[in-house]
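A.B. asks: For reference, this is final03.txt, and it has compact mmCIF, C-alpha atoms.
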```txt
# COMPACT_ATOMS: atom_id res chain seq x y z
CA MET A 1 15.09 25.19 5.21
CA LYS A 2 17.07 21.97 5.47
CA ALA A 3 14.86 20.72 8.30
CA ARG A 4 11.75 21.37 6.18
CA MET A 5 13.37 19.61 3.24
CA ALA A 6 14.17 16.65 5.47
CA ALA A 7 10.58 16.58 6.72
CA ALA A 8 9.29 16.59 3.13
CA LEU A 9 11.62 13.81 1.97
CA LEU A 10 10.95 11.64 5.00
CA SER A 11 7.19 12.14 4.63
CA LEU A 12 7.43 11.05 1.01
CA VAL A 13 9.33 7.89 1.96
CA GLY A 14 6.77 7.24 4.69
CA LEU A 15 3.98 7.71 2.16
CA PHE A 16 5.45 4.98 -0.06
CA VAL A 17 5.83 2.62 2.92
CA ALA A 18 2.22 3.21 3.96
CA VAL A 19 0.91 2.77 0.40
CA TYR A 20 2.91 -0.47 0.10
CA LEU A 21 1.29 -1.82 3.28
CA TYR A 22 -2.15 -0.65 2.15
CA LEU A 23 -1.77 -2.37 -1.24
CA TYR A 24 -0.98 -5.55 0.65
CA LYS A 25 -3.97 -5.05 2.91
CA ILE A 26 -6.37 -4.75 -0.03
CA GLY A 27 -4.85 -7.80 -1.73
CA ARG A 28 -2.89 -6.08 -4.50
CA ILE A 29 0.45 -7.35 -3.19
CA GLY A 30 0.92 -11.00 -2.32
CA THR A 31 3.91 -11.20 -0.07
CA LEU A 32 5.39 -8.46 2.02
CA ALA A 33 9.16 -8.29 1.78
CA CYS A 34 9.55 -8.88 5.48
CA GLY A 35 12.54 -11.16 5.96
CA THR A 36 12.16 -12.99 9.23
CA GLY A 37 9.61 -10.59 10.70
CA SER A 38 5.90 -11.12 11.23
CA CYS A 39 4.51 -8.54 8.84
CA GLU A 40 1.59 -10.67 7.68
CA ALA A 41 0.59 -11.59 11.23
CA VAL A 42 0.45 -7.90 12.08
CA GLN A 43 -1.20 -6.77 8.87
CA LEU A 44 -3.85 -9.46 8.98
CA SER A 45 -4.65 -9.03 12.67
CA ARG A 46 -7.75 -7.26 13.90
CA TRP A 47 -5.49 -4.48 15.16
CA SER A 48 -4.61 -3.57 11.59
CA ARG A 49 -7.82 -1.50 11.55
CA PHE A 50 -8.46 1.55 13.71
CA LEU A 51 -12.02 2.81 14.12
CA GLY A 52 -12.99 0.73 11.08
CA VAL A 53 -10.27 2.16 8.85
CA ASP A 54 -7.13 0.32 7.73
CA VAL A 55 -4.17 1.60 9.72
CA ALA A 56 -2.07 1.57 6.54
CA LEU A 57 -4.61 3.88 4.87
CA ILE A 58 -4.51 6.22 7.85
CA GLY A 59 -0.74 6.21 7.51
CA ALA A 60 -0.87 6.94 3.79
CA VAL A 61 -3.27 9.86 4.24
CA GLY A 62 -1.23 11.18 7.17
CA TYR A 63 2.06 11.05 5.31
CA ALA A 64 0.49 12.61 2.23
CA GLY A 65 -0.77 15.47 4.39
CA LEU A 66 2.63 15.92 6.01
CA PHE A 67 4.34 15.89 2.64
CA LEU A 68 2.01 18.55 1.24
CA LEU A 69 2.43 20.69 4.34
CA ALA A 70 6.21 20.37 4.19
CA MET A 71 6.19 21.37 0.51
CA ILE A 72 4.05 24.39 1.36
CA ALA A 73 6.46 25.23 4.18
CA LEU A 74 9.29 25.23 1.64
CA GLN A 75 7.75 27.96 -0.51
CA PRO A 76 10.00 31.04 -0.46
CA ALA A 77 7.14 33.26 0.73
CA LEU A 78 6.77 31.09 3.84
CA ALA A 79 10.44 30.51 4.51
CA GLY A 80 10.52 32.95 7.40
CA ARG A 81 7.17 31.92 8.86
CA ARG A 82 7.01 29.57 11.75
CA TRP A 83 3.41 28.36 11.50
CA PRO A 84 3.92 25.77 8.70
CA ALA A 85 6.68 24.14 10.74
CA ALA A 86 4.53 24.32 13.85
CA TRP A 87 1.71 22.50 12.09
CA LEU A 88 4.20 19.93 10.84
CA ALA A 89 5.36 19.36 14.40
CA VAL A 90 1.80 19.04 15.73
CA LEU A 91 0.67 16.59 13.05
CA SER A 92 3.83 14.49 13.09
CA GLY A 93 3.63 14.51 16.91
CA ILE A 94 0.19 12.94 16.64
CA GLY A 95 1.74 10.43 14.23
CA VAL A 96 4.46 9.61 16.75
CA LEU A 97 1.85 8.98 19.46
CA PHE A 98 -0.15 6.77 17.11
CA SER A 99 3.02 4.86 16.20
CA LEU A 100 3.79 4.36 19.88
CA TYR A 101 0.31 2.90 20.36
CA LEU A 102 0.81 0.56 17.39
CA SER A 103 4.26 -0.48 18.61
CA TYR A 104 2.75 -1.26 22.02
CA LEU A 105 0.17 -3.50 20.31
CA GLU A 106 2.88 -5.28 18.32
CA LEU A 107 5.10 -5.89 21.34
CA PHE A 108 2.62 -6.64 24.09
CA VAL A 109 -0.62 -7.76 22.44
CA LEU A 110 0.30 -9.41 19.14
CA HIS A 111 3.81 -10.42 20.14
CA ALA A 112 4.78 -9.92 16.52
CA ILE A 113 6.90 -7.27 14.87
CA CYS A 114 6.37 -5.90 11.38
CA ARG A 115 9.57 -4.38 10.10
CA TRP A 116 7.72 -1.99 7.84
CA CYS A 117 5.74 -0.73 10.83
CA VAL A 118 8.97 -0.22 12.77
CA GLY A 119 10.36 1.61 9.74
CA SER A 120 7.29 3.81 9.60
CA ALA A 121 7.58 4.57 13.32
CA LEU A 122 11.19 5.64 12.83
CA ILE A 123 10.26 7.78 9.83
CA ILE A 124 7.46 9.63 11.64
CA THR A 125 9.77 10.18 14.60
CA ALA A 126 12.39 11.64 12.27
CA VAL A 127 9.75 13.89 10.67
CA PHE A 128 8.75 15.06 14.13
CA ILE A 129 12.36 15.85 15.07
CA ALA A 130 12.94 17.69 11.79
CA SER A 131 9.76 19.69 12.39
CA LEU A 132 10.89 20.65 15.88
CA VAL A 133 14.20 21.77 14.49
CA ALA A 134 12.35 23.85 11.90
CA VAL A 135 10.07 25.36 14.54
CA ARG A 136 12.91 26.36 16.80
CA GLY A 137 14.77 27.79 13.87
CA VAL A 138 17.94 26.07 15.01
CA GLU A 139 19.19 25.77 11.48
CA ALA A 140 18.74 29.47 10.85
CA ARG A 141 20.85 30.59 13.76
CA PRO A 142 24.15 32.11 12.75
CA ARG A 143 27.15 30.09 13.81
CA ARG A 144 29.62 31.68 16.15
CA ALA A 145 33.24 31.78 15.19
CA MET B 1 23.07 33.78 -1.56
CA ALA B 2 20.02 33.55 -3.78
CA THR B 3 21.96 31.39 -6.22
CA THR B 4 23.07 29.10 -3.41
CA ALA B 5 19.50 28.78 -2.15
CA ALA B 6 18.24 28.06 -5.65
CA GLY B 7 20.95 25.44 -6.09
CA GLY B 8 19.95 23.86 -2.78
CA MET B 9 16.30 23.72 -3.84
CA ASN B 10 17.26 22.22 -7.18
CA ARG B 11 19.21 19.47 -5.46
CA PHE B 12 16.27 18.91 -3.13
CA TYR B 13 13.83 18.57 -6.05
CA LEU B 14 16.25 16.18 -7.74
CA VAL B 15 16.37 13.95 -4.66
CA LEU B 16 12.59 14.22 -4.33
CA ALA B 17 12.16 13.12 -7.95
CA ALA B 18 14.53 10.19 -7.40
CA VAL B 19 12.53 9.06 -4.36
CA VAL B 20 9.29 9.29 -6.38
CA VAL B 21 10.72 7.27 -9.26
CA ILE B 22 12.20 4.58 -7.00
CA GLY B 23 9.04 4.41 -4.87
CA LEU B 24 6.70 4.14 -7.83
CA ALA B 25 8.91 1.52 -9.48
CA ALA B 26 8.96 -0.58 -6.30
CA LEU B 27 5.21 -0.30 -5.81
CA GLY B 28 4.54 -1.03 -9.48
CA TYR B 29 6.75 -4.10 -9.40
CA SER B 30 5.00 -5.38 -6.29
CA ALA B 31 1.48 -4.66 -7.47
CA LEU B 32 1.67 -5.66 -11.12
CA ARG B 33 2.96 -9.17 -10.71
CA PRO B 34 0.65 -11.87 -12.07
CA SER B 35 -2.52 -12.59 -10.11
CA PRO B 36 -2.44 -15.52 -7.72
CA VAL B 37 -3.42 -18.88 -9.18
CA SER B 38 -6.81 -20.30 -8.32
CA ILE B 39 -7.54 -24.00 -8.66
CA PRO B 40 -11.25 -24.63 -9.24
CA ALA B 41 -13.20 -27.06 -7.06
CA ASN B 42 -15.92 -29.51 -8.12
CA VAL B 43 -14.73 -29.63 -11.71
CA THR B 44 -16.14 -32.32 -13.99
CA VAL B 45 -13.75 -35.22 -14.05
CA VAL B 46 -13.00 -36.64 -17.49
CA ALA B 47 -11.33 -39.93 -18.28
CA ALA B 48 -8.09 -38.24 -19.26
CA ASP B 49 -7.76 -36.78 -15.77
CA THR B 50 -7.17 -40.15 -14.19
CA ALA B 51 -5.71 -42.14 -17.09
CA GLY B 52 -2.77 -44.07 -15.72
CA PHE B 53 -2.78 -42.17 -12.45
CA ARG B 54 -3.85 -43.63 -9.13
CA GLY B 55 -1.84 -41.60 -6.69
CA TYR B 56 1.75 -40.75 -5.94
CA LEU B 57 3.72 -43.87 -5.21
CA LEU B 58 6.64 -44.65 -2.96
CA GLY B 59 8.16 -48.05 -2.42
CA SER B 60 8.47 -51.34 -4.15
CA ALA B 61 5.71 -52.67 -6.39
CA SER B 62 6.30 -56.07 -4.79
CA ALA B 63 5.78 -54.83 -1.21
CA PRO B 64 3.26 -57.09 0.57
CA VAL B 65 1.13 -54.25 1.97
CA GLU B 66 -0.18 -51.18 0.20
CA VAL B 67 -1.16 -48.14 2.25
CA THR B 68 -3.22 -45.41 0.64
CA ASP B 69 -2.96 -42.11 2.45
CA TYR B 70 -5.86 -39.68 1.89
CA ALA B 71 -4.48 -36.36 3.02
CA ASP B 72 -4.73 -32.61 2.67
CA TYR B 73 -1.63 -30.41 2.57
CA GLN B 74 -3.31 -27.75 4.67
CA CYS B 75 -4.57 -30.09 7.37
CA PRO B 76 -2.56 -29.69 10.59
CA ALA B 77 -2.97 -33.36 11.57
CA CYS B 78 -1.58 -34.39 8.17
CA GLY B 79 1.34 -32.06 8.80
CA THR B 80 1.94 -33.69 12.18
CA PHE B 81 1.73 -37.17 10.67
CA GLU B 82 4.18 -36.16 7.96
CA ALA B 83 6.65 -34.64 10.40
CA VAL B 84 6.48 -37.12 13.25
CA GLN B 85 5.42 -40.53 11.91
CA PHE B 86 6.20 -40.58 8.21
CA PRO B 87 10.03 -40.37 8.43
CA ASP B 88 10.11 -43.68 10.36
CA ILE B 89 7.48 -45.21 8.11
CA GLN B 90 9.49 -44.22 5.06
CA SER B 91 12.89 -45.31 6.29
CA ARG B 92 11.80 -48.59 7.91
CA LEU B 93 8.65 -49.85 6.25
CA ILE B 94 8.74 -48.34 2.76
CA ALA B 95 12.49 -48.45 2.17
CA GLY B 96 12.53 -51.88 3.84
CA GLY B 97 10.22 -53.20 1.16
CA ARG B 98 7.34 -53.95 3.54
CA VAL B 99 4.99 -51.21 2.41
CA ARG B 100 4.10 -49.47 -0.84
CA TRP B 101 2.79 -45.98 -0.11
CA ARG B 102 0.13 -44.35 -2.24
CA TYR B 103 -0.62 -40.70 -1.52
CA ARG B 104 -4.02 -39.43 -2.62
CA ASP B 105 -5.20 -35.84 -2.48
CA PHE B 106 -8.20 -35.20 -0.29
CA PRO B 107 -8.45 -31.39 -0.13
CA LEU B 108 -11.06 -30.39 2.44
CA ASN B 109 -13.37 -27.53 1.55
CA GLN B 110 -12.58 -25.61 4.72
CA HIS B 111 -8.94 -25.36 3.72
CA GLN B 112 -8.63 -22.41 1.39
CA HIS B 113 -5.27 -23.32 -0.13
CA ALA B 114 -5.48 -27.13 -0.05
CA ARG B 115 -6.22 -27.45 -3.76
CA LEU B 116 -3.58 -24.92 -4.66
CA ALA B 117 -1.00 -26.96 -2.74
CA ALA B 118 -2.21 -30.25 -4.21
CA HIS B 119 -2.05 -28.76 -7.68
CA ALA B 120 1.44 -27.37 -7.09
CA ALA B 121 2.56 -30.86 -6.08
CA ALA B 122 0.94 -32.29 -9.23
CA CYS B 123 2.78 -29.74 -11.38
CA ALA B 124 6.05 -30.65 -9.65
CA ASP B 125 5.21 -34.29 -10.37
CA ASP B 126 5.10 -33.45 -14.08
CA GLN B 127 8.79 -32.68 -13.76
CA GLY B 128 9.63 -35.67 -11.56
CA LYS B 129 9.88 -33.52 -8.42
CA TYR B 130 6.78 -34.62 -6.58
CA TRP B 131 8.27 -35.93 -3.32
CA PRO B 132 10.62 -33.01 -2.65
CA MET B 133 7.66 -30.68 -3.28
CA HIS B 134 5.46 -32.81 -1.06
CA ARG B 135 7.97 -32.48 1.76
CA PHE B 136 8.39 -28.72 1.32
CA LEU B 137 4.62 -28.19 1.36
CA TYR B 138 4.21 -29.97 4.67
CA GLU B 139 7.34 -28.50 6.24
CA GLY B 140 6.22 -25.01 5.34
CA GLN B 141 2.53 -25.54 6.06
CA SER B 142 2.35 -22.87 8.77
CA ASP B 143 3.89 -20.31 6.40
CA TRP B 144 1.16 -20.50 3.77
CA ALA B 145 -1.90 -22.10 5.39
CA GLU B 146 -3.33 -18.87 6.77
CA ALA B 147 -1.76 -16.52 4.25
CA SER B 148 -3.59 -14.51 1.60
CA ASP B 149 -4.16 -16.13 -1.81
CA ARG B 150 -1.26 -14.31 -3.37
CA ALA B 151 1.07 -14.88 -0.44
CA ALA B 152 0.29 -18.61 -0.38
CA SER B 153 0.77 -18.81 -4.14
CA ASP B 154 4.13 -17.05 -3.89
CA GLU B 155 5.28 -19.13 -0.95
CA ILE B 156 4.40 -22.39 -2.67
CA ARG B 157 6.06 -21.24 -5.87
CA GLY B 158 9.18 -20.74 -3.76
CA TYR B 159 9.01 -24.41 -2.75
CA ALA B 160 8.83 -25.36 -6.42
CA ARG B 161 11.99 -23.36 -7.01
CA SER B 162 13.69 -25.07 -4.05
CA ALA B 163 12.61 -28.47 -5.36
CA GLY B 164 14.40 -27.75 -8.63
CA VAL B 165 11.26 -27.35 -10.72
CA ASP B 166 11.44 -25.40 -13.99
CA LEU B 167 9.38 -22.37 -12.97
CA GLY B 168 8.30 -21.50 -16.50
CA LYS B 169 6.65 -24.88 -16.93
CA TYR B 170 5.37 -24.75 -13.36
CA ASP B 171 3.68 -21.38 -13.93
CA ALA B 172 2.07 -22.64 -17.14
CA CYS B 173 0.85 -25.78 -15.36
CA MET B 174 -0.55 -23.81 -12.44
CA SER B 175 -2.30 -21.14 -14.49
CA SER B 176 -3.95 -23.76 -16.70
CA ALA B 177 -5.11 -25.71 -13.61
CA LYS B 178 -4.55 -28.80 -15.73
CA HIS B 179 -4.63 -31.18 -12.77
CA ALA B 180 -7.81 -29.84 -11.16
CA GLY B 181 -9.74 -32.82 -12.52
CA ARG B 182 -7.21 -35.31 -11.20
CA ILE B 183 -7.41 -33.79 -7.72
CA GLN B 184 -11.22 -33.85 -7.88
CA ALA B 185 -11.12 -37.51 -8.97
CA SER B 186 -8.93 -38.36 -6.00
CA LEU B 187 -11.33 -36.59 -3.65
CA ASP B 188 -14.33 -38.32 -5.24
CA GLU B 189 -12.64 -41.70 -4.88
CA GLY B 190 -11.98 -41.10 -1.19
CA GLU B 191 -15.54 -39.97 -0.54
CA LYS B 192 -16.90 -43.08 -2.24
CA LEU B 193 -14.77 -45.19 0.08
CA GLY B 194 -16.11 -43.33 3.11
CA VAL B 195 -13.22 -41.01 3.85
CA ASN B 196 -14.48 -37.92 5.64
CA SER B 197 -11.44 -36.59 7.45
CA THR B 198 -7.72 -36.35 6.98
CA PRO B 199 -5.43 -38.06 7.31
CA THR B 200 -7.14 -41.37 6.66
CA LEU B 201 -5.21 -44.47 5.73
CA LEU B 202 -6.70 -47.24 3.63
CA ILE B 203 -5.07 -50.56 4.41
CA ALA B 204 -6.32 -53.91 3.16
CA GLY B 205 -9.79 -52.50 2.48
CA ARG B 206 -10.23 -50.83 5.87
CA LEU B 207 -10.13 -47.15 6.68
CA TYR B 208 -8.03 -45.86 9.58
CA PRO B 209 -8.87 -42.21 10.22
CA GLY B 210 -6.54 -40.04 12.28
CA VAL B 211 -2.81 -39.92 12.85
CA MET B 212 -1.55 -43.48 12.96
CA THR B 213 1.76 -43.95 14.73
CA TYR B 214 4.70 -45.73 13.21
CA ASP B 215 4.41 -48.46 15.83
CA GLY B 216 0.70 -48.90 15.16
CA LEU B 217 1.28 -49.18 11.45
CA ARG B 218 4.17 -51.59 11.89
CA HIS B 219 2.04 -53.91 14.03
CA LEU B 220 -0.72 -53.75 11.47
CA VAL B 221 1.65 -54.48 8.61
CA ASP B 222 3.19 -57.36 10.59
CA SER B 223 -0.23 -58.82 11.21
CA LEU B 224 -1.17 -58.58 7.53
CA ALA B 225 2.12 -59.88 6.22
CA PRO B 226 4.25 -61.46 8.92
CA PRO B 227 7.92 -60.72 8.37
CA SER B 228 9.88 -63.69 7.19
CA LYS B 229 12.16 -65.13 9.87
CA PRO B 230 15.84 -65.61 9.12
```
In structure tokens, write the structure found in this file.
C.D. replies:
Amino acid sequence: MKARMAAALLSLVGLFVAVYLYLYKIGRIGTLACGTGSCEAVQLSRWSRFLGVDVALIGAVGYAGLFLLAMIALQPALAGRRWPAAWLAVLSGIGVLFSLYLSYLELFVLHAICRWCVGSALIITAVFIASLVAVRGVEARPRRA
Amino acid sequence: MATTAAGGMNRFYLVLAAVVVIGLAALGYSALRPSPVSIPANVTVVAADTAGFRGYLLGSASAPVEVTDYADYQCPACGTFEAVQFPDIQSRLIAGGRVRWRYRDFPLNQHQHARLAAHAAACADDQGKYWPMHRFLYEGQSDWAEASDRAASDEIRGYARSAGVDLGKYDACMSSAKHAGRIQASLDEGEKLGVNSTPTLLIAGRLYPGVMTYDGLRHLVDSLAPPSKP
């Protein structure tokens, strides 16, 4: 259950990060708290949209879906079932691949790094790992003395 | 076991609630800050806008040559002039008493934040901080020139803070756009003289468009007012 809890918490944090970036994208937030990074260069580039949709919005919807799925997976009736965790792993795996694609664009096309995007990539990777742990039931195995 | 599991879930929901509260507070703080300031263009200029004001001055009133600089804070060439040529001009010609410098706003329409920057400088001028603000605006030009309205507004407000401007008065000045007419008057004056690009220097009745070098300006000043020989 701890892995599913971790997946839910991480997805929620990721949701806030994605919503923050989306609010910036639609002009509701003036300056991204980015330190010395290049958040605005990344967020205002043409690569900040994917198939006509803001990447930040895709992220927000994706994290919201993962969060809901993780909360469903935490219901006592589903505690012993593997399929919710499997779906979490599949969806977060897609998220990891998408993040890899975005990181490639940042590093090799835009030559600019957005710290929030890096943070989001780390979060989705952590969700994926937690989901794998949940799928394999590692946490449920009894410890040997 | 059931009690332990329930306790674990309770702790989990507590952490979840804390994340929600912190996340919403952070988003709310970011999103609900005041809207970015907008300085209107083509406002009707009234007499009070220009009363007693004919530009931002540097140098001695008795300097033999006056140079009027029509410039735009967002114009890259003006930024280059300010960074490369102006330090020498200021330290040798202006501080040396040879030139009186008059800076006039000439915000070009294609520069989205030019009026905002000019107005921020005018508001800093109200508090006697014009030249530090002027320098910060040019030094940071690349940080706000292509930014969103709100980002540019926030960045420029940061310069006001660095210049030692009282931010309460600055915010009131900016939101009232009280100097929009003065900026428009400066632009109108330049257009009447024939200025159509920035930077353009007006020296002894002639316009010199483009980035003039320190050496070029010194020769010109020497030809207009030969330096006295010891």
A.B. asks: Report as number ranges by chain the set of chain A residues whose atoms approach chain B to within 12 Å, with distances computed over all atoms listed in the file.
C.D. replies: A: 1-34, 36, 38-45, 67, 71, 74-76, 79
A.B. asks: Which residues are close to Gly137 of chain A, i.e. within 12 Å by all atoms listed in the file, leaving aside same-chain residues fewer than 4 positions away? Reply as number ranges by chain.
C.D. replies: A: 1-4, 79-83, 85-86, 130-133, 141-142
A.B. asks: For a quick check of understanding, using all atoms listed in the file, which of A:Ala126, A:Ala121, A:Leu110, A:Ala64 has the smallest distance to Ser48 of chain A?
C.D. replies: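 Among A:Ala126, A:Ala121, A:Leu110, A:Ala64, it is A:Leu110 that comes nearest to Ser48 of chain A.
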A.B. asks: Could you give me, as a list in words, the residues that have an atom at most 7 Å away from the point (3.9, 7.7, 13.5) in the coordinates of the file, using only C-alpha atoms?
C.D. replies: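 Result, sorted by chain then residue number: Ser92, Gly95, Val96, Leu97, Phe98, Ser99, Ser120, Ala121, Ile124 and Thr125 of chain A.
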A.B. asks: Tell me which protein, DNA and RNA residues are within 6 Å of segment 130-133 of chain B, counting all atoms listed in the file, leaving out same-chain ones fewer than 3 positions away, and put them as a VMD selection string.
C.D. replies: chain B and resid 121 124 to 125 136 163
A.B. asks: Around segment 56-64 of chain B, with edges along x, y and z and 5 Å added on all six sides, what centre and edge lengths do you get, in Å to one decimal, as AutoDock Vina command-line options?
C.D. replies:
```
--center_x 5.1 --center_y -48.9 --center_z -2.9 --size_x 16.7 --size_y 26.3 --size_z 17.0
```
A.B. asks: As an exercise, work out the distance from atom CA of His179 of chain B to atom CA of Ala122 of chain B in Å and give it to one decimal place.
C.D. replies: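 Atom-to-atom, atom CA of His179 of chain B and atom CA of Ala122 of chain B are spaced 6.7 Å apart.
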A.B. asks: From (-12.3, -31.1, -20.0), in the file's coordinates, out to 12 Å: which residues are reached, counting only C-alpha atoms? Answer as a count of residues only.
C.D. replies: 15
A.B. asks: Using all atoms listed in the file, can you tell me which of B:Gly128, B:Pro107, B:Gly52, B:Gly96 comes closest to Arg218 of chain B?
C.D. replies: B:Gly96
A.B. asks: Please determine, counting only C-alpha atoms, which residue among A:Ala134, A:Leu88, A:Leu122, A:Ala112 has the shortest atom-to-atom distance to Leu100 of chain A.
C.D. replies: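 When distances to Leu100 of chain A are compared using only C-alpha atoms, the smallest one comes from A:Leu122.
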A.B. asks: Which of these, B:Tyr214, B:Trp101, B:Phe86, B:Phe81, has the shortest distance to Ser60 of chain B once you count only C-alpha atoms?
C.D. replies: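 Going through B:Tyr214, B:Trp101, B:Phe86, B:Phe81 one by one, the smallest distance to Ser60 of chain B is for B:Trp101.
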A.B. asks: Quick one: pull the distance between atom CA of Ala117 of chain B and atom CA of Cys114 of chain A, Å, one decimal.
C.D. replies: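 Calculated distance between atom CA of Ala117 of chain B and atom CA of Cys114 of chain A is 26.4 Å.
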A.B. asks: For atom CA of Gly52 of chain A and atom CA of Val90 of chain A, determine how far apart the two atoms are, in Å to one decimal place.
C.D. replies: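 Computed distance, atom CA of Gly52 of chain A to atom CA of Val90 of chain A, equals 24.0 Å.
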A.B. asks: What's around Glu82 of chain B at 10 Å? Count all atoms listed in the file, leave out sequence neighbours fewer than 4 positions away in its own chain, and write the answer as an NGL selection string.
C.D. replies: :B and (71 or 73 or 76-78 or 86-89 or 134-135 or 138-139 or 199 or 211)
A.B. asks: From the block you just saw, export segment 14-66 of chain A: C-alpha atoms, as a CSV table (one decimal), in the first residue's frame.
C.D. replies:
```
chain,number,residue,atom,x,y,z
A,14,GLY,CA,3.1,16.7,-10.1
A,15,LEU,CA,-0.5,18.0,-10.7
A,16,PHE,CA,0.3,21.2,-8.8
A,17,VAL,CA,3.6,21.7,-10.8
A,18,ALA,CA,1.7,21.2,-14.1
A,19,VAL,CA,-1.1,23.5,-13.1
A,20,TYR,CA,1.5,26.2,-12.1
A,21,LEU,CA,3.1,25.9,-15.5
A,22,TYR,CA,-0.3,26.0,-17.3
A,23,LEU,CA,-1.4,29.1,-15.4
A,24,TYR,CA,1.8,30.8,-16.6
A,25,LYS,CA,1.2,29.6,-20.1
A,26,ILE,CA,-2.3,31.2,-20.2
A,27,GLY,CA,-1.0,34.4,-18.7
A,28,ARG,CA,-2.4,34.1,-15.1
A,29,ILE,CA,1.1,34.0,-13.6
A,30,GLY,CA,3.7,36.6,-14.5
A,31,THR,CA,7.0,35.3,-13.6
A,32,LEU,CA,8.0,31.7,-13.0
A,33,ALA,CA,10.0,31.1,-9.9
A,34,CYS,CA,12.9,29.7,-11.9
A,35,GLY,CA,16.1,31.0,-10.4
A,36,THR,CA,18.8,31.0,-13.0
A,37,GLY,CA,17.1,28.5,-15.3
A,38,SER,CA,15.4,29.2,-18.7
A,39,CYS,CA,11.8,28.4,-17.8
A,40,GLU,CA,10.3,31.2,-19.8
A,41,ALA,CA,12.4,30.4,-22.9
A,42,VAL,CA,11.1,26.8,-22.7
A,43,GLN,CA,7.5,27.7,-21.8
A,44,LEU,CA,7.2,30.3,-24.6
A,45,SER,CA,8.9,28.2,-27.3
A,46,ARG,CA,6.9,26.5,-30.0
A,47,TRP,CA,7.8,23.2,-28.4
A,48,SER,CA,5.6,24.1,-25.4
A,49,ARG,CA,2.6,22.8,-27.4
A,50,PHE,CA,2.2,19.2,-28.5
A,51,LEU,CA,-0.3,18.4,-31.3
A,52,GLY,CA,-1.9,21.8,-30.7
A,53,VAL,CA,-2.3,21.4,-26.9
A,54,ASP,CA,-0.2,23.0,-24.2
A,55,VAL,CA,2.2,20.5,-22.8
A,56,ALA,CA,1.5,21.9,-19.3
A,57,LEU,CA,-2.2,21.1,-19.8
A,58,ILE,CA,-1.3,17.6,-21.0
A,59,GLY,CA,0.8,17.2,-17.8
A,60,ALA,CA,-2.0,18.5,-15.6
A,61,VAL,CA,-4.6,16.1,-17.1
A,62,GLY,CA,-2.1,13.3,-16.9
A,63,TYR,CA,-1.2,13.8,-13.3
A,64,ALA,CA,-4.9,14.3,-12.4
A,65,GLY,CA,-5.6,10.9,-14.0
A,66,LEU,CA,-2.7,9.2,-12.2
```
